[in-house]
Structures are given as C-alpha cells and as structure tokens.
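Below is one structure, written out as structure tokens; comments come after it.
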Amino acid sequence: MKVLLIEDNSQCADFIIQGLQQSGFQVLHSPDGLDGLFKARTETFDIAVIDIMLPKLDGLAVIEEIRRAKIKAPIIVLSARDSVESKVKGLETGADDYLAKPFSFSELQARIYALLRRAGGENELSVLRLEDLELDLFGHRVARGGKKLDLTALEFKLLEYLLRNKGRVVTKTTILEHVWEYGFDPQTNVVEAQVCRLREKLDKNFARKLLKTVRGFGYVLE
C-alpha cells in the first residue's frame, strides 16, 4: 500500500516515513504543497497524510484541489492547531480524519488502518490472493495452502508487489524502484538474491510453482 505524505518538517517526515516503511507501506513524500498536489494528481496512492502549514500551497488548499480532482483516497490532516474550529475546517474541506501534533506513530498507524478498512472493505482491501496463496496486509501474515509462511519484512514487501502485479512480468528495475525505493548499481544481484529466498519459502514444498523467472525480462507471479 502507498501513502502520500505531504510534510515540510524534515524531522517529522523522517519519523513518519521510517515508521510506515517498517510497517510495510510505500511512502511518496513531498516537502511542499505544490509538489504534493502534483504527486496527488499524477501518482496512485491509497491514503494521504497532509500537514496544514505547508510552503508554496497550504494543506487545506491541497485537500480542496485533491477533492476537486475527484480523488477519493482517504486523507488524514496533521496540524499543530488543536482547536475545534481547526478540526472542523479540516474535515469540512474534505479530510477524513484530523490528528494534532505532537502525536505517537502508533496512533497515526491505527487511524490509517481504520480509514483504509472503511474505504475499501476490510477483506477486499487487506488480503491479496493468488490460488492458495494469501497475504494479509494488516495482519502481516502470509499463508499458502493454509500453512503459514515466515517471511522477513523485505520478503513480505516483495511478495506484496508481485501479488499486486500478478500475471504481469515485472523487471528488476521496477522491483528496485517499488520495493527498495532507492537506486542500486544496475549490476547488483540484490533482486535475484531476494527472489531466490522468497521462492524457496513460497514454492519449495508445493507441487505448483507460482514464482517464475522470465529470462531476459524479469519475474512473474502466476
């Protein structure tokens, strides 16, 4: 799942990004309102977390433009203002929730999960499936044929990306961009090594193999 975070305070942004990534989310970060609005219009995301006091374009204006563009993803407002009037204004602008600073990451995470469940229906949104393989995004559980698979955080994230693209060949480059989210030397074998470890857990004890290598192109889960 991808979170659009629009936050200009680098310390706060780093705190949120680290927590979200450790929880298995992808994070699309913008440090100002104009860049955040551009990303909202051109990128896909499941939920947005938007600060109110932003340079170039304030958070309420960003939310108004997002809703004007018919983007329905849930939005959580972050603000140092804790008055009733500020909360009402944020919700009336188009936000779905309001969290006052300072806040604990566990509270932000709980609110994100609650909004995602409400937006898409818990079962439909939180469980990705392919045949007898199931990945529970909220519970961070993976099972195949009813048997639990113990995956590392990186293996879980890689499997999630492959499941979201099931039946489609994904290249080494796109995996690096979406799973690791930063650049590597193109000659690195980090993807091959991680796919190999995931395949060992995913397919070794099952007759039908789901994770396949397409020589010269990449990998496909089908």
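Naming works like this for the structure tokens: A, B, ... for the chains as they're shown, residue 1 at the start of each chain, ligands 1 onward in shown order.
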Just the residues within 10 Å of Asp8 in chain A, please, counting only C-alpha atoms, with nothing from its chain fewer than 6 positions along; format it as a compact mmCIF listing (two decimals) with all heavy atoms, in the first residue's frame.
```txt
# COMPACT_ATOMS: atom_id res chain seq x y z
N HIS A 29 6.73 10.98 -0.69
CA HIS A 29 6.86 12.17 0.16
C HIS A 29 7.02 13.44 -0.66
O HIS A 29 7.75 13.47 -1.65
CB HIS A 29 8.06 12.02 1.10
CG HIS A 29 8.32 13.25 1.92
ND1 HIS A 29 9.55 13.88 1.97
CD2 HIS A 29 7.48 14.00 2.69
CE1 HIS A 29 9.46 14.94 2.76
NE2 HIS A 29 8.23 15.05 3.20
N SER A 30 6.34 14.49 -0.23
CA SER A 30 6.50 15.81 -0.81
C SER A 30 6.76 16.81 0.31
O SER A 30 6.09 16.77 1.35
CB SER A 30 5.24 16.24 -1.57
OG SER A 30 5.10 15.52 -2.77
N PRO A 31 7.71 17.75 0.12
CA PRO A 31 8.04 18.71 1.17
C PRO A 31 7.27 20.03 1.09
O PRO A 31 7.45 20.90 1.93
CB PRO A 31 9.54 18.97 0.93
CG PRO A 31 9.68 18.84 -0.56
CD PRO A 31 8.69 17.78 -0.98
N ASP A 32 6.42 20.19 0.09
CA ASP A 32 5.62 21.42 -0.02
C ASP A 32 4.29 21.12 -0.70
O ASP A 32 4.09 20.07 -1.30
CB ASP A 32 6.39 22.51 -0.76
CG ASP A 32 6.66 22.16 -2.22
OD1 ASP A 32 5.70 22.16 -3.03
OD2 ASP A 32 7.82 21.85 -2.56
N GLY A 33 3.38 22.07 -0.61
CA GLY A 33 2.03 21.86 -1.11
C GLY A 33 1.93 21.71 -2.62
O GLY A 33 1.16 20.88 -3.12
N ILE A 50 -1.49 14.73 5.29
CA ILE A 50 -1.16 16.08 4.83
C ILE A 50 -1.09 17.06 5.99
O ILE A 50 -2.05 17.19 6.76
CB ILE A 50 -2.20 16.57 3.80
CG1 ILE A 50 -2.30 15.59 2.62
CG2 ILE A 50 -1.86 17.97 3.31
CD1 ILE A 50 -3.37 15.95 1.61
N ASP A 51 0.05 17.74 6.10
CA ASP A 51 0.20 18.80 7.09
C ASP A 51 -0.56 20.04 6.61
O ASP A 51 -0.73 20.25 5.40
CB ASP A 51 1.69 19.10 7.28
CG ASP A 51 1.93 20.07 8.42
OD1 ASP A 51 1.11 20.10 9.36
OD2 ASP A 51 2.93 20.80 8.37
N ILE A 52 -1.01 20.85 7.56
CA ILE A 52 -1.74 22.07 7.19
C ILE A 52 -0.79 23.20 6.81
O ILE A 52 -0.95 23.84 5.78
CB ILE A 52 -2.65 22.52 8.35
CG1 ILE A 52 -3.79 21.52 8.56
CG2 ILE A 52 -3.23 23.91 8.06
CD1 ILE A 52 -4.74 21.43 7.38
N MET A 53 0.21 23.43 7.63
CA MET A 53 1.13 24.56 7.40
C MET A 53 2.24 24.13 6.44
O MET A 53 3.27 23.59 6.85
CB MET A 53 1.72 25.04 8.73
CG MET A 53 0.67 25.47 9.73
SD MET A 53 -0.25 26.94 9.18
CE MET A 53 1.02 28.17 9.27
N LEU A 54 2.02 24.37 5.16
CA LEU A 54 2.97 23.96 4.13
C LEU A 54 3.45 25.16 3.33
O LEU A 54 2.69 26.11 3.11
CB LEU A 54 2.32 22.97 3.16
CG LEU A 54 1.94 21.59 3.69
CD1 LEU A 54 1.07 20.87 2.66
CD2 LEU A 54 3.18 20.78 4.01
N PRO A 55 4.70 25.15 2.86
CA PRO A 55 5.16 26.21 1.96
C PRO A 55 4.55 26.05 0.57
O PRO A 55 4.13 24.96 0.19
CB PRO A 55 6.68 25.99 1.91
CG PRO A 55 6.89 24.57 2.28
CD PRO A 55 5.77 24.19 3.21
```
Could you pull the residues within 10 Å of Trp180 in chain A, counting only C-alpha atoms, minus those fewer than 5 positions along the same chain, as a PyMOL selection string? chain A and resi 26+154+157-158+174-175+190-191
Residues near Phe25 in chain A, anyone? I mean within 9 Å using only C-alpha atoms, not counting same-chain ones fewer than 2 positions away, as a list in words. Met1, Lys2, Val3, Ile17, Gly19, Leu20, Gln21, Gln22, Ser23, Val27 and Lys157 of chain A
From A:Ile47, A:Asn189, A:Arg68, A:Lys87, residue lying nearest Ala119 in chain A [only C-alpha atoms]: A:Ile47
Distance query Glu107 in chain A at most 12 Å, only C-alpha atoms, self and fewer than 4 positions along chain excluded, as a count of residues only: 14
Taking the backbone alone, and naming residues the way the document does, which bits of range 57-168 of chain A are alpha helix (DSSP H) by DSSP, as a PyMOL selection string? chain A and resi 59-68+84-93+105-120+122-126+153-164
Would you export the selected residues with C-alpha atoms as a PDB file, in the first residue's frame, please?
```pdb
ATOM      1  CA  GLY A  59      -2.616  21.912   3.222  1.00  0.00           C
ATOM      2  CA  LEU A  60      -6.289  22.914   3.145  1.00  0.00           C
ATOM      3  CA  ALA A  61      -5.903  24.243  -0.408  1.00  0.00           C
ATOM      4  CA  VAL A  62      -4.167  20.994  -1.389  1.00  0.00           C
ATOM      5  CA  ILE A  63      -7.054  18.962   0.035  1.00  0.00           C
ATOM      6  CA  GLU A  64      -9.608  21.122  -1.783  1.00  0.00           C
ATOM      7  CA  GLU A  65      -7.813  20.574  -5.092  1.00  0.00           C
ATOM      8  CA  ILE A  66      -7.490  16.831  -4.472  1.00  0.00           C
ATOM      9  CA  ARG A  67     -11.222  16.543  -3.884  1.00  0.00           C
ATOM     10  CA  ARG A  68     -11.953  18.808  -6.853  1.00  0.00           C
ATOM     11  CA  VAL A  84     -12.323  22.611  17.493  1.00  0.00           C
ATOM     12  CA  GLU A  85     -12.542  25.245  14.766  1.00  0.00           C
ATOM     13  CA  SER A  86      -9.383  23.967  13.070  1.00  0.00           C
ATOM     14  CA  LYS A  87     -10.609  20.369  13.180  1.00  0.00           C
ATOM     15  CA  VAL A  88     -13.999  21.324  11.755  1.00  0.00           C
ATOM     16  CA  LYS A  89     -12.402  23.352   8.964  1.00  0.00           C
ATOM     17  CA  GLY A  90     -10.111  20.475   8.019  1.00  0.00           C
ATOM     18  CA  LEU A  91     -12.943  17.964   7.913  1.00  0.00           C
ATOM     19  CA  GLU A  92     -15.240  20.316   6.005  1.00  0.00           C
ATOM     20  CA  THR A  93     -12.508  20.880   3.404  1.00  0.00           C
ATOM     21  CA  PHE A 105       3.233   6.874  15.460  1.00  0.00           C
ATOM     22  CA  SER A 106       1.045   4.056  16.803  1.00  0.00           C
ATOM     23  CA  GLU A 107      -1.960   6.399  16.803  1.00  0.00           C
ATOM     24  CA  LEU A 108      -1.272   7.556  13.245  1.00  0.00           C
ATOM     25  CA  GLN A 109      -0.884   3.941  12.133  1.00  0.00           C
ATOM     26  CA  ALA A 110      -4.158   2.928  13.806  1.00  0.00           C
ATOM     27  CA  ARG A 111      -6.003   5.777  12.102  1.00  0.00           C
ATOM     28  CA  ILE A 112      -4.512   4.841   8.720  1.00  0.00           C
ATOM     29  CA  TYR A 113      -5.643   1.229   9.103  1.00  0.00           C
ATOM     30  CA  ALA A 114      -9.126   2.305  10.219  1.00  0.00           C
ATOM     31  CA  LEU A 115      -9.592   4.610   7.225  1.00  0.00           C
ATOM     32  CA  LEU A 116      -8.293   2.022   4.763  1.00  0.00           C
ATOM     33  CA  ARG A 117     -10.707  -0.587   6.108  1.00  0.00           C
ATOM     34  CA  ARG A 118     -13.586   1.870   5.919  1.00  0.00           C
ATOM     35  CA  ALA A 119     -12.655   2.962   2.386  1.00  0.00           C
ATOM     36  CA  GLY A 120     -12.417  -0.416   0.747  1.00  0.00           C
ATOM     37  CA  GLU A 122     -11.574  -4.889   5.275  1.00  0.00           C
ATOM     38  CA  ASN A 123     -11.410  -8.232   3.460  1.00  0.00           C
ATOM     39  CA  GLU A 124     -11.309  -6.780  -0.045  1.00  0.00           C
ATOM     40  CA  LEU A 125      -8.584  -4.306   0.772  1.00  0.00           C
ATOM     41  CA  SER A 126      -6.377  -6.150   3.215  1.00  0.00           C
ATOM     42  CA  ALA A 153       9.822  -7.617   6.131  1.00  0.00           C
ATOM     43  CA  LEU A 154      11.592  -7.265   2.772  1.00  0.00           C
ATOM     44  CA  GLU A 155      10.286 -10.626   1.508  1.00  0.00           C
ATOM     45  CA  PHE A 156       6.776  -9.582   2.553  1.00  0.00           C
ATOM     46  CA  LYS A 157       7.095  -6.307   0.657  1.00  0.00           C
ATOM     47  CA  LEU A 158       8.456  -8.065  -2.437  1.00  0.00           C
ATOM     48  CA  LEU A 159       5.608 -10.584  -2.389  1.00  0.00           C
ATOM     49  CA  GLU A 160       3.060  -7.801  -1.993  1.00  0.00           C
ATOM     50  CA  TYR A 161       4.439  -6.051  -5.087  1.00  0.00           C
ATOM     51  CA  LEU A 162       4.397  -9.281  -7.097  1.00  0.00           C
ATOM     52  CA  LEU A 163       0.836 -10.055  -5.991  1.00  0.00           C
ATOM     53  CA  ARG A 164      -0.348  -6.582  -6.964  1.00  0.00           C
TER      54      ARG A 164
END
```
With distances taken over only C-alpha atoms, which of A:Leu149, A:Leu57, A:Ile75, A:Leu4 is nearest to Lys204 in chain A?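 Among the listed residues, the smallest separation from Lys204 in chain A belongs to A:Leu149.
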For each of A:Leu5, A:Ala80, A:Leu34, A:Val170, take the minimum atom-to-atom distance to Val220 in chain A, counting only C-alpha atoms, then give the residue where this is smallest.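 Of A:Leu5, A:Ala80, A:Leu34, A:Val170, the one nearest Val220 in chain A, counting only C-alpha atoms, is A:Val170.
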Just give me the gap between CA of Phe138 in chain A and CA of Leu37 in chain A in Å, one decimal is fine.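 These atoms are spaced 27.5 Å apart.
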Taking only range 6-205 of chain A into account, list the residues labelled strand (DSSP E or B) by DSSP (computed from the backbone), as a ChimeraX atom specification. /A:6,26-30,47-51,75-79,97-100,127-130,133-136,141-144,147-149,170
Those residues you just picked out, can you put them in a file as an mmCIF file, in the first residue's frame with N, CA and C atoms?
```
data_model
loop_
_atom_site.group_PDB
_atom_site.id
_atom_site.type_symbol
_atom_site.label_atom_id
_atom_site.label_comp_id
_atom_site.auth_asym_id
_atom_site.auth_seq_id
_atom_site.Cartn_x
_atom_site.Cartn_y
_atom_site.Cartn_z
ATOM 1 N N ILE A 6 2.585 14.570 2.717
ATOM 2 C CA ILE A 6 2.947 15.945 2.379
ATOM 3 C C ILE A 6 3.267 16.650 3.687
ATOM 4 N N GLN A 26 4.603 1.677 1.282
ATOM 5 C CA GLN A 26 5.434 2.507 0.423
ATOM 6 C C GLN A 26 5.058 3.956 0.711
ATOM 7 N N VAL A 27 6.037 4.854 0.680
ATOM 8 C CA VAL A 27 5.770 6.257 1.007
ATOM 9 C C VAL A 27 6.204 7.148 -0.143
ATOM 10 N N LEU A 28 5.286 8.015 -0.551
ATOM 11 C CA LEU A 28 5.551 9.025 -1.566
ATOM 12 C C LEU A 28 5.562 10.359 -0.829
ATOM 13 N N HIS A 29 6.733 10.982 -0.687
ATOM 14 C CA HIS A 29 6.861 12.169 0.160
ATOM 15 C C HIS A 29 7.018 13.440 -0.663
ATOM 16 N N SER A 30 6.343 14.486 -0.226
ATOM 17 C CA SER A 30 6.505 15.814 -0.811
ATOM 18 C C SER A 30 6.764 16.811 0.314
ATOM 19 N N ILE A 47 -3.808 6.298 0.505
ATOM 20 C CA ILE A 47 -4.203 7.232 1.557
ATOM 21 C C ILE A 47 -3.196 8.365 1.589
ATOM 22 N N ALA A 48 -3.646 9.554 2.021
ATOM 23 C CA ALA A 48 -2.756 10.714 2.113
ATOM 24 C C ALA A 48 -2.706 11.213 3.548
ATOM 25 N N VAL A 49 -1.512 11.648 3.950
ATOM 26 C CA VAL A 49 -1.315 12.294 5.243
ATOM 27 C C VAL A 49 -0.749 13.676 4.934
ATOM 28 N N ILE A 50 -1.492 14.734 5.294
ATOM 29 C CA ILE A 50 -1.161 16.079 4.830
ATOM 30 C C ILE A 50 -1.094 17.060 5.995
ATOM 31 N N ASP A 51 0.049 17.737 6.105
ATOM 32 C CA ASP A 51 0.196 18.796 7.092
ATOM 33 C C ASP A 51 -0.563 20.037 6.612
ATOM 34 N N ILE A 75 -7.968 10.937 3.533
ATOM 35 C CA ILE A 75 -6.965 11.940 3.884
ATOM 36 C C ILE A 75 -6.970 12.161 5.390
ATOM 37 N N ILE A 76 -5.771 12.129 5.969
ATOM 38 C CA ILE A 76 -5.590 12.484 7.373
ATOM 39 C C ILE A 76 -4.837 13.813 7.438
ATOM 40 N N VAL A 77 -5.395 14.765 8.168
ATOM 41 C CA VAL A 77 -4.762 16.064 8.348
ATOM 42 C C VAL A 77 -3.851 16.019 9.568
ATOM 43 N N LEU A 78 -2.650 16.580 9.433
ATOM 44 C CA LEU A 78 -1.755 16.792 10.568
ATOM 45 C C LEU A 78 -1.684 18.288 10.837
ATOM 46 N N SER A 79 -1.768 18.665 12.108
ATOM 47 C CA SER A 79 -1.705 20.090 12.410
ATOM 48 C C SER A 79 -1.292 20.326 13.856
ATOM 49 N N ASP A 97 -9.972 12.577 8.588
ATOM 50 C CA ASP A 97 -9.549 12.486 9.982
ATOM 51 C C ASP A 97 -8.584 13.618 10.255
ATOM 52 N N TYR A 98 -8.386 13.920 11.542
ATOM 53 C CA TYR A 98 -7.568 15.062 11.956
ATOM 54 C C TYR A 98 -6.722 14.623 13.135
ATOM 55 N N LEU A 99 -5.407 14.775 13.043
ATOM 56 C CA LEU A 99 -4.507 14.360 14.109
ATOM 57 C C LEU A 99 -3.635 15.548 14.499
ATOM 58 N N ALA A 100 -3.720 15.935 15.780
ATOM 59 C CA ALA A 100 -2.967 17.090 16.263
ATOM 60 C C ALA A 100 -1.546 16.690 16.633
ATOM 61 N N VAL A 127 -6.483 -8.285 2.021
ATOM 62 C CA VAL A 127 -5.990 -9.617 1.678
ATOM 63 C C VAL A 127 -5.787 -9.718 0.166
ATOM 64 N N LEU A 128 -4.546 -10.030 -0.227
ATOM 65 C CA LEU A 128 -4.220 -10.276 -1.632
ATOM 66 C C LEU A 128 -4.116 -11.776 -1.832
ATOM 67 N N ARG A 129 -4.675 -12.289 -2.934
ATOM 68 C CA ARG A 129 -4.730 -13.737 -3.140
ATOM 69 C C ARG A 129 -4.289 -14.132 -4.546
ATOM 70 N N LEU A 130 -3.725 -15.327 -4.618
ATOM 71 C CA LEU A 130 -3.460 -15.996 -5.887
ATOM 72 C C LEU A 130 -3.547 -17.493 -5.616
ATOM 73 N N LEU A 133 -2.520 -19.030 -2.261
ATOM 74 C CA LEU A 133 -1.622 -18.101 -1.577
ATOM 75 C C LEU A 133 -2.415 -16.886 -1.092
ATOM 76 N N GLU A 134 -2.242 -16.512 0.179
ATOM 77 C CA GLU A 134 -2.915 -15.351 0.754
ATOM 78 C C GLU A 134 -1.918 -14.488 1.505
ATOM 79 N N LEU A 135 -2.011 -13.160 1.288
ATOM 80 C CA LEU A 135 -1.185 -12.203 2.003
ATOM 81 C C LEU A 135 -2.102 -11.208 2.697
ATOM 82 N N ASP A 136 -2.038 -11.166 4.020
ATOM 83 C CA ASP A 136 -2.855 -10.264 4.835
ATOM 84 C C ASP A 136 -2.029 -9.019 5.140
ATOM 85 N N ARG A 141 0.560 -11.291 7.644
ATOM 86 C CA ARG A 141 0.635 -12.755 7.620
ATOM 87 C C ARG A 141 0.560 -13.242 6.177
ATOM 88 N N VAL A 142 1.298 -14.313 5.903
ATOM 89 C CA VAL A 142 1.264 -14.952 4.597
ATOM 90 C C VAL A 142 1.036 -16.440 4.805
ATOM 91 N N ALA A 143 0.147 -17.012 3.996
ATOM 92 C CA ALA A 143 -0.106 -18.448 4.088
ATOM 93 C C ALA A 143 -0.301 -19.012 2.694
ATOM 94 N N ARG A 144 0.111 -20.256 2.531
ATOM 95 C CA ARG A 144 -0.150 -20.961 1.281
ATOM 96 C C ARG A 144 -0.703 -22.344 1.611
ATOM 97 N N LYS A 147 -1.042 -23.079 5.222
ATOM 98 C CA LYS A 147 0.175 -23.176 6.024
ATOM 99 C C LYS A 147 0.862 -21.809 6.078
ATOM 100 N N LYS A 148 1.162 -21.343 7.287
ATOM 101 C CA LYS A 148 1.796 -20.038 7.464
ATOM 102 C C LYS A 148 3.221 -20.048 6.930
ATOM 103 N N LEU A 149 3.583 -18.984 6.213
ATOM 104 C CA LEU A 149 4.945 -18.807 5.714
ATOM 105 C C LEU A 149 5.609 -17.690 6.513
ATOM 106 N N VAL A 170 7.370 -8.351 -14.193
ATOM 107 C CA VAL A 170 7.962 -7.128 -13.640
ATOM 108 C C VAL A 170 9.478 -7.240 -13.751
#
```
